[in-house]
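Participant: So I've got this file, run_35.txt, and it contains compact mmCIF, C-alpha atoms and all ligand atoms:
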```txt
# COMPACT_ATOMS: atom_id res chain seq x y z
CA MET V 19 0.00 0.00 0.00
CA ALA V 20 1.91 3.01 -1.25
CA ASP V 21 1.59 6.38 0.35
CA MET V 22 0.41 4.99 3.64
CA ASN V 23 1.62 5.56 7.08
CA VAL V 24 -0.78 3.45 9.06
CA ASN V 25 0.28 1.30 11.91
CA LEU V 26 -2.00 -1.62 11.19
CA ILE V 27 -0.69 -3.69 14.08
CA GLY V 28 -1.47 -0.83 16.43
CA MET V 29 -4.88 -0.46 14.85
CA MET V 30 -5.66 -4.12 15.37
CA ASP V 31 -4.44 -3.96 18.97
CA ASN V 32 -6.71 -1.03 19.70
CA PHE V 33 -9.69 -1.68 17.45
CA GLY V 34 -9.44 -5.31 16.44
CA ASP V 35 -12.84 -6.40 17.71
CA GLU V 36 -16.30 -4.99 18.24
CA SER V 37 -16.07 -4.55 21.99
CA LYS V 38 -12.85 -2.53 21.71
CA CYS V 39 -14.51 -0.29 19.12
CA ARG V 40 -17.56 0.10 21.34
CA ALA V 41 -15.40 1.01 24.32
CA TYR V 42 -13.64 3.63 22.22
CA LEU V 43 -16.92 5.12 20.99
CA GLU V 44 -18.15 5.18 24.56
CA SER V 45 -15.10 7.09 25.76
CA LEU V 46 -15.57 9.67 23.00
CA ARG V 47 -19.31 10.00 23.24
CA TRP V 48 -19.71 9.93 27.00
CA PRO V 49 -16.37 10.97 28.53
CA ASN V 50 -18.15 11.51 31.86
CA GLY V 51 -20.18 8.32 31.79
CA ALA V 52 -23.24 7.32 29.77
CA ALA V 53 -26.39 9.40 29.92
CA CYS V 54 -29.83 8.46 28.64
CA PRO V 55 -30.25 9.77 25.09
CA ARG V 56 -34.00 9.96 25.61
CA CYS V 57 -34.56 11.57 29.03
CA LYS V 58 -30.98 12.70 29.74
CA ALA V 59 -30.94 10.94 33.13
CA GLU V 60 -27.48 10.01 34.32
CA LYS V 61 -28.34 6.95 36.33
CA ILE V 62 -27.69 4.16 33.90
CA TYR V 63 -27.28 0.42 34.30
CA ARG V 64 -24.92 -1.46 32.09
CA LEU V 65 -26.21 -4.72 30.64
CA PRO V 66 -22.83 -6.19 29.82
CA LYS V 67 -23.80 -9.32 28.00
CA ARG V 68 -25.83 -7.48 25.43
CA GLU V 69 -23.58 -4.44 25.30
CA GLN V 70 -26.59 -2.37 26.16
CA PHE V 71 -27.43 0.29 28.69
CA LEU V 72 -30.63 0.67 30.65
CA CYS V 73 -31.90 4.01 31.87
CA ALA V 74 -32.91 3.81 35.51
CA SER V 75 -35.49 6.49 35.11
CA CYS V 76 -37.30 5.87 31.77
CA GLU V 77 -36.15 2.26 31.24
CA TYR V 78 -34.97 3.00 27.74
CA GLN V 79 -32.48 0.41 26.51
CA PHE V 80 -29.77 1.69 24.25
CA SER V 81 -26.30 1.01 22.95
CA VAL V 82 -23.38 3.34 22.37
CA THR V 83 -24.24 3.59 18.67
CA VAL V 84 -27.83 4.78 19.19
CA ASP V 85 -28.69 7.91 17.18
CA THR V 86 -25.37 7.77 15.36
CA ILE V 87 -24.35 6.93 11.82
CA PHE V 88 -23.11 3.56 13.11
CA HIS V 89 -26.49 2.42 14.31
CA ASP V 90 -28.41 1.19 11.31
CA THR V 91 -25.43 -0.25 9.57
CA HIS V 92 -24.93 -3.97 9.20
CA LEU V 93 -21.20 -3.38 8.91
CA PRO V 94 -19.03 -4.25 11.89
CA LEU V 95 -17.58 -1.28 13.76
CA VAL V 96 -14.13 -2.71 13.01
CA THR V 97 -14.83 -2.14 9.31
CA TRP V 98 -15.92 1.44 9.94
CA PHE V 99 -12.82 2.12 12.01
CA LEU V 100 -10.38 0.60 9.55
CA ALA V 101 -12.01 2.37 6.59
CA THR V 102 -11.75 5.64 8.50
CA VAL V 103 -8.08 5.17 9.26
CA LEU V 104 -7.36 4.24 5.65
CA LEU V 105 -9.17 7.34 4.36
CA CYS V 106 -7.43 9.54 6.94
CA GLU V 107 -3.95 8.31 6.18
CA ALA V 108 -3.84 7.74 2.43
CA LYS V 109 -2.39 10.99 1.22
CA LYS V 110 -3.94 10.87 -2.21
CA GLY V 111 -7.14 9.31 -1.06
CA MET V 112 -8.34 5.79 -1.50
CA SER V 113 -10.97 4.47 -3.82
CA ALA V 114 -13.98 2.48 -2.71
CA CYS V 115 -12.52 -0.38 -4.75
CA GLN V 116 -9.34 -0.42 -2.68
CA ILE V 117 -11.31 -0.16 0.56
CA GLN V 118 -13.50 -3.05 -0.57
CA ARG V 119 -10.47 -5.23 -1.32
CA SER V 120 -8.45 -4.24 1.75
CA LEU V 121 -11.27 -4.81 4.20
CA GLY V 122 -12.97 -7.73 2.48
CA ILE V 123 -16.29 -5.92 2.11
CA LYS V 124 -18.76 -8.01 0.13
CA THR V 125 -19.98 -5.59 -2.50
CA TYR V 126 -18.59 -2.52 -4.19
CA LYS V 127 -21.84 -0.70 -3.47
CA THR V 128 -21.45 -1.23 0.29
CA ALA V 129 -17.84 -0.03 0.21
CA TRP V 130 -18.80 2.98 -1.89
CA TYR V 131 -21.60 3.95 0.47
CA LEU V 132 -19.32 3.52 3.49
CA CYS V 133 -16.62 5.76 1.96
CA HIS V 134 -19.13 8.44 1.10
CA ARG V 135 -20.50 8.59 4.62
CA ILE V 136 -16.98 8.94 6.01
CA ARG V 137 -16.26 11.66 3.43
CA ALA V 138 -19.44 13.49 4.36
CA ALA V 139 -18.31 13.51 7.98
CA MET V 140 -14.98 14.91 6.86
CA ALA V 141 -16.68 17.83 5.12
CA GLU V 142 -15.55 20.83 7.02
CA VAL V 143 -17.81 23.58 8.11
CA HIS V 144 -15.93 26.61 6.95
CA LYS V 145 -16.11 28.92 9.85
CA SER V 146 -13.53 31.63 9.74
CA LYS V 147 -12.48 33.65 6.75
CA LEU V 148 -8.92 33.39 5.54
CA GLY V 149 -6.45 36.23 5.95
CA GLY V 150 -2.77 37.00 5.62
CA VAL V 151 -1.46 36.10 2.18
CA VAL V 152 -4.11 34.18 0.26
CA GLU V 153 -3.78 32.52 -3.13
CA VAL V 154 -6.74 31.88 -5.39
CA ASP V 155 -6.47 29.77 -8.51
CA GLU V 156 -8.71 27.72 -10.69
CA THR V 157 -8.08 24.39 -12.36
CA TYR V 158 -9.78 21.80 -14.53
CA VAL V 159 -10.09 18.16 -13.63
CA GLY V 160 -11.54 15.07 -15.19
CA GLY V 161 -11.98 14.35 -18.84
CA ARG V 162 -8.97 13.56 -20.97
CA GLY V 163 -5.54 14.98 -20.34
CA HIS V 164 -4.99 17.44 -17.58
CA GLY V 165 -3.78 20.89 -16.74
CA LYS V 166 -4.92 24.25 -17.85
CA ARG V 167 -4.61 23.48 -21.52
CA GLY V 168 -8.04 22.02 -21.28
CA ARG V 169 -9.61 25.25 -20.12
CA GLY V 170 -13.18 25.37 -21.23
CA ALA V 171 -13.27 21.79 -22.47
CA ALA V 172 -16.79 20.52 -22.06
CA ASN V 173 -15.95 17.32 -20.22
CA LYS V 174 -13.82 19.00 -17.58
CA GLU V 175 -14.91 20.17 -14.18
CA ILE V 176 -13.75 23.41 -12.60
CA VAL V 177 -12.26 23.51 -9.14
CA ILE V 178 -11.48 26.81 -7.47
CA GLY V 179 -8.73 26.59 -4.87
CA ILE V 180 -8.21 29.09 -2.10
CA ARG V 181 -5.27 28.75 0.21
CA GLN V 182 -3.89 30.90 2.94
CA ARG V 183 -0.11 30.60 3.00
CA GLN V 184 0.83 28.63 6.10
CA GLY V 185 -2.89 28.13 6.59
CA GLU V 186 -6.01 26.46 5.41
CA LEU V 187 -6.88 25.07 2.00
CA ARG V 188 -10.37 25.11 0.49
CA PHE V 189 -11.58 23.62 -2.78
CA PHE V 190 -14.86 24.37 -4.49
CA HIS V 191 -16.37 22.57 -7.42
CA ALA V 192 -17.65 25.57 -9.39
CA ASP V 193 -19.99 25.82 -12.34
CA ASP V 194 -17.86 28.35 -14.20
CA VAL V 195 -15.14 30.97 -13.74
CA ARG V 196 -17.32 33.95 -14.44
CA SER V 197 -16.61 37.05 -12.48
CA GLY V 198 -19.72 36.68 -10.31
CA THR V 199 -18.81 33.10 -9.42
CA LEU V 200 -15.24 33.98 -8.43
CA GLU V 201 -16.56 36.92 -6.43
CA LYS V 202 -18.92 34.70 -4.45
CA TYR V 203 -16.14 32.30 -3.39
CA ILE V 204 -13.73 35.11 -2.59
CA ARG V 205 -16.33 37.05 -0.62
CA GLU V 206 -17.39 33.98 1.36
CA ASN V 207 -13.90 32.76 2.19
CA ILE V 208 -11.53 35.69 2.35
CA SER V 209 -11.54 38.36 5.00
CA ASP V 210 -11.72 42.07 4.12
CA ASP V 211 -8.54 42.42 6.15
CA VAL V 212 -6.56 40.08 3.92
CA GLU V 213 -3.02 41.40 3.42
CA ILE V 214 -2.36 40.19 -0.10
CA LEU V 215 -4.52 38.34 -2.60
CA MET V 216 -2.57 36.44 -5.25
CA THR V 217 -4.21 35.21 -8.44
CA ASP V 218 -3.21 34.51 -12.01
CA ASP V 219 -3.99 37.03 -14.73
CA LEU V 220 -7.43 35.74 -15.58
CA GLY V 221 -9.24 38.97 -16.47
CA GLN V 222 -12.26 38.30 -14.27
CA TYR V 223 -10.23 38.83 -11.07
CA ARG V 224 -9.77 42.53 -11.85
CA GLY V 225 -13.48 43.27 -11.69
CA VAL V 226 -13.89 41.09 -8.62
CA THR V 227 -11.15 42.78 -6.62
CA ARG V 228 -12.42 46.19 -7.66
CA ARG V 229 -15.94 45.41 -6.50
CA LEU V 230 -14.69 43.93 -3.22
CA GLY V 231 -12.37 46.86 -2.54
CA LEU V 232 -9.29 44.62 -2.70
CA ARG V 233 -7.69 46.23 -5.72
CA ARG V 234 -4.66 47.55 -3.87
CA LYS V 235 -4.03 44.21 -2.20
CA HIS V 236 -4.30 42.22 -5.41
CA ARG V 237 -1.16 40.79 -7.05
CA THR V 238 -1.25 38.80 -10.27
CA ILE V 239 1.14 36.37 -11.83
CA PRO V 240 0.72 36.10 -15.61
CA HIS V 241 0.23 32.38 -16.09
CA SER V 242 -1.01 33.18 -19.59
CA MET V 243 2.51 34.38 -20.42
CA GLY V 244 4.09 31.30 -18.91
CA LEU V 245 5.29 33.11 -15.82
CA TYR V 246 4.70 31.32 -12.53
CA VAL V 247 6.90 33.00 -9.95
CA ASN V 248 7.90 36.60 -9.54
CA GLY V 249 9.61 36.94 -6.18
CA ASP V 250 6.91 36.49 -3.64
CA VAL V 251 4.12 36.65 -6.18
CA HIS V 252 2.96 33.18 -7.12
CA THR V 253 0.12 30.77 -6.58
CA ASN V 254 2.37 27.77 -6.13
CA THR V 255 1.05 26.69 -2.76
CA VAL V 256 -2.50 26.33 -4.08
CA GLU V 257 -1.16 24.71 -7.24
CA SER V 258 0.74 22.07 -5.32
CA ALA V 259 -2.56 21.25 -3.62
CA PHE V 260 -4.21 21.04 -7.05
CA SER V 261 -1.62 18.56 -8.19
CA LEU V 262 -2.37 16.40 -5.18
CA LEU V 263 -6.07 16.56 -6.03
CA LYS V 264 -5.39 15.63 -9.65
CA ARG V 265 -3.15 12.73 -8.78
CA GLY V 266 -5.95 11.56 -6.54
CA VAL V 267 -8.66 12.09 -9.13
CA LEU V 268 -6.68 10.46 -11.91
CA GLY V 269 -4.92 7.80 -9.95
CA THR V 270 -7.14 6.65 -7.18
CA TRP V 271 -10.72 7.58 -7.80
CA HIS V 272 -11.39 5.78 -11.03
CA ARG V 273 -15.10 6.15 -10.88
CA ILE V 274 -15.26 9.79 -9.92
CA SER V 275 -18.25 11.62 -11.28
CA ALA V 276 -18.93 15.32 -11.36
CA LYS V 277 -21.71 14.85 -8.85
CA HIS V 278 -19.32 13.67 -6.15
CA LEU V 279 -16.40 15.96 -6.95
CA GLN V 280 -17.20 18.31 -4.06
CA ALA V 281 -17.17 15.38 -1.64
CA TYR V 282 -13.69 14.38 -2.86
CA CYS V 283 -12.57 17.99 -2.63
CA ASN V 284 -13.80 18.15 0.96
CA GLU V 285 -12.03 14.94 1.85
CA MET V 286 -8.78 16.15 0.33
CA CYS V 287 -8.96 19.53 2.11
CA PHE V 288 -9.83 17.89 5.40
CA ARG V 289 -6.83 15.58 5.15
CA PHE V 290 -4.58 18.39 3.99
CA ASN V 291 -5.66 20.81 6.71
CA ASN V 292 -5.19 18.08 9.29
CA ARG V 293 -1.87 16.76 8.02
CA LYS V 294 -0.11 17.78 11.21
CA ASN V 295 -2.97 16.76 13.48
CA PRO V 296 -1.90 13.69 15.51
CA TYR V 297 -5.53 13.19 16.54
CA LEU V 298 -6.96 13.04 13.02
CA PHE V 299 -8.43 9.57 13.44
CA ARG V 300 -10.07 10.47 16.74
CA ASP V 301 -11.39 13.74 15.32
CA THR V 302 -12.89 11.96 12.32
CA ILE V 303 -14.60 9.38 14.54
CA LEU V 304 -15.96 12.28 16.63
CA LYS V 305 -17.35 13.85 13.46
CA LEU V 306 -18.90 10.52 12.50
CA ILE V 307 -20.57 10.25 15.90
CA ALA V 308 -22.00 13.74 15.46
CA SER V 309 -22.91 13.51 11.78
CA PRO V 310 -26.41 12.77 10.55
CA ASN V 311 -26.75 9.66 8.48
CA LEU V 312 -26.50 10.22 4.77
CA GLU V 313 -29.13 8.17 3.01
CA TYR V 314 -28.00 6.07 0.10
CA LYS V 315 -30.74 7.60 -2.05
CA GLU V 316 -29.47 11.10 -1.26
CA LEU V 317 -26.07 10.15 -2.59
CA THR V 318 -27.43 8.63 -5.73
CA SER V 319 -29.94 11.38 -6.52
CA GLU V 320 -29.39 13.63 -9.48
CA VAL V 321 -28.65 16.77 -7.50
CA ARG V 322 -25.00 17.49 -6.88
CA ASN V 323 -24.14 17.42 -3.21
CA ALA V 324 -23.61 20.87 -1.85
CA ALA V 325 -20.35 21.68 -0.12
ZN ZN V 401 -34.03 7.71 30.20
```
Hey, can you dump this file as structure tokens for me?
Ligand SMILES: [Zn+2]
Facilitator:
Amino acid sequence: MADMNVNLIGMMDNFGDESKCRAYLESLRWPNGAACPRCKAEKIYRLPKREQFLCASCEYQFSVTVDTIFHDTHLPLVTWFLATVLLCEAKKGMSACQIQRSLGIKTYKTAWYLCHRIRAAMAEVHKSKLGGVVEVDETYVGGRGHGKRGRGAANKEIVIGIRQRQGELRFFHADDVRSGTLEKYIRENISDDVEILMTDDLGQYRGVTRRLGLRRKHRTIPHSMGLYVNGDVHTNTVESAFSLLKRGVLGTWHRISAKHLQAYCNEMCFRFNNRKNPYLFRDTILKLIASPNLEYKELTSEVRNAA
């Protein structure tokens, strides 16, 4: 398994059977002891043989997975945990096919659905706006060939990348690179107090920065003239993230479709933004505990999933 840094022995020691996984979920979900999910009472009996809890006050019987994404699944928790660690650690991502093979999941459909629910949990809620030095660039993925030469090609999808230097990365699957579209993503993600905004020389950025009052902070690098670095002016940090996305899209996610591109973008950004987080696995499991279940029919509907 190339590009992996997973300690599988350690994983099996910690999460090798259902009761270890349950104990881990319990410690994350109820760090101060179980409480009744129905009436919130804190006096709870443990029914050890059935791995259930009983509320002393309303007599509700529940398990640690109740009201979580893990509850209605027929997959063992071990499978969920191992899939999560694989998706967290594989730098370029991992396809449902690989997950299916690695974990011995019966059908591709089951593996695909599992991966998508983990990806949905990884989707970050973008809270704060980016500041400092921020690079914005756009790229084209999918279809034949790659790189900017394909600009405008009908079978390519547009991804807008925004990255704060030494900071966060965000990718958006956009419908087009019209001025209004670029403005929306810049307005929603970049603070008015940004120090410098770096883009290429795509003409639309001029109108956008004028309308947003960022004209004086805007620096451009003329990609159209083949120039990529001019001292400090470049968009190389966002471009290196693009190349990671493309290697993932081309290499790992064979069955990627436009509809799920935002989900892959979210997964990639989440992994990238957490690359120095030693608690990434734990944080992802926490997000899974807190995330609403994503219905299979939602994933397969015609509407593209929103970011
Ligand atoms: Zn109760």
Participant: What is the atom CA of V:Leu104 to atom CA of V:Gly185 distance in Å?
Facilitator: 24.3 Å
Participant: Between atom CA of V:Gln280 and atom CA of V:Gln116, what is the spacing in Å?
Facilitator: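 Going from atom CA of V:Gln116 over to atom CA of V:Gln280, I get 20.4 Å.
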Participant: Would you tabulate, counting only C-alpha atoms and all ligand atoms, all residues of chain V that have an atom at most 8 Å from an atom of ligand ZN 401 (chain V), showing the closest pair of atoms and their distance in Å to one decimal, sorted by chain then ascending number, as CSV?
Facilitator:
```
residue,atom,partner,partner_atom,distance
V:Ala53,CA,V:ZN401,ZN,7.8
V:Cys54,CA,V:ZN401,ZN,4.5
V:Pro55,CA,V:ZN401,ZN,6.7
V:Arg56,CA,V:ZN401,ZN,5.1
V:Cys57,CA,V:ZN401,ZN,4.1
V:Lys58,CA,V:ZN401,ZN,5.9
V:Ala59,CA,V:ZN401,ZN,5.3
V:Leu72,CA,V:ZN401,ZN,7.8
V:Cys73,CA,V:ZN401,ZN,4.6
V:Ala74,CA,V:ZN401,ZN,6.7
V:Ser75,CA,V:ZN401,ZN,5.3
V:Cys76,CA,V:ZN401,ZN,4.1
V:Glu77,CA,V:ZN401,ZN,5.9
V:Tyr78,CA,V:ZN401,ZN,5.4
```
Participant: I'd like the neighbourhood of V:Ile180 as a ChimeraX atom specification, where a residue qualifies if any of its atoms comes within 10 Å (using all atoms listed in the file), though same-chain residues fewer than 6 positions away should be ignored.
Facilitator: /V:148,152-156,186-190,203-204,207-208,215-217,253,255-257,259
Participant: Find the residue from V:His89, V:Lys147, V:Arg181, V:Arg224 that sits nearest to V:Asn254; use only C-alpha atoms when measuring.
Facilitator: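 The shortest atom-to-atom distance to V:Asn254 comes from V:Arg181.
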Participant: For V:Arg300, which residue out of V:Phe99, V:Tyr131, V:Tyr246, V:Tyr223 is the nearest one, using only C-alpha atoms?
Facilitator: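 Of the candidates, the smallest distance to V:Arg300 is held by V:Phe99.
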Participant: Could you tell me how far atom CA of V:Leu304 lies from atom CA of V:Thr125, in Å and to one decimal?
Facilitator: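 Computing the Euclidean distance for atom CA of V:Leu304 and atom CA of V:Thr125 yields 26.5 Å.
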Participant: Applying 12 Å and only C-alpha atoms, which residues near V:Glu44 remain after dropping the ones on its own chain fewer than 3 positions away? List them as an MDAnalysis selection string.
Facilitator: chainID V and resid 37:41 47:53 69:71 81:84 86 303:304 307
Participant: Using all atoms listed in the file, pick whichever of V:Leu262, V:Leu93, V:Ala281, V:Leu298 has the shortest atom-to-atom distance to V:Lys109.
Facilitator: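 Of V:Leu262, V:Leu93, V:Ala281, V:Leu298, the one nearest V:Lys109 is V:Leu262, counting all atoms listed in the file.
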Participant: For a quick check of your reading of the model, name the residues lying within 9 Å of the coordinate (-0.3, 41.1, -10.9), counting only C-alpha atoms, and write them as a ChimeraX atom specification.
Facilitator: /V:216-219,236-240,251
Participant: Mind dumping the selected residues with C-alpha atoms as a tab-separated table (two decimals), keeping the file's coordinate frame?
Facilitator:
```tsv
chain	number	residue	atom	x	y	z
V	216	MET	CA	-2.57	36.44	-5.25
V	217	THR	CA	-4.21	35.21	-8.44
V	218	ASP	CA	-3.21	34.51	-12.01
V	219	ASP	CA	-3.99	37.03	-14.73
V	236	HIS	CA	-4.30	42.22	-5.41
V	237	ARG	CA	-1.16	40.79	-7.05
V	238	THR	CA	-1.25	38.80	-10.27
V	239	ILE	CA	1.14	36.37	-11.83
V	240	PRO	CA	0.72	36.10	-15.61
V	251	VAL	CA	4.12	36.65	-6.18
```
Participant: From the set V:Gly160, V:His134, V:Thr302, V:Ser309, which residue has the shortest atom-to-atom contact distance to V:Thr102, counting only C-alpha atoms?
Facilitator: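 Ranked by minimum distance to V:Thr102, first place goes to V:Thr302.
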Participant: I'd like to know which of V:Gly149, V:Gly122, V:Gly34, V:Pro66 is closest to V:Leu95, using all atoms listed in the file.
Facilitator: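 Closest candidate: V:Gly34.
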Participant: Please determine, counting only C-alpha atoms, which residue among V:His191, V:Gly221, V:Arg228, V:Leu263 has the shortest atom-to-atom distance to V:His241.
Facilitator: V:Gly221
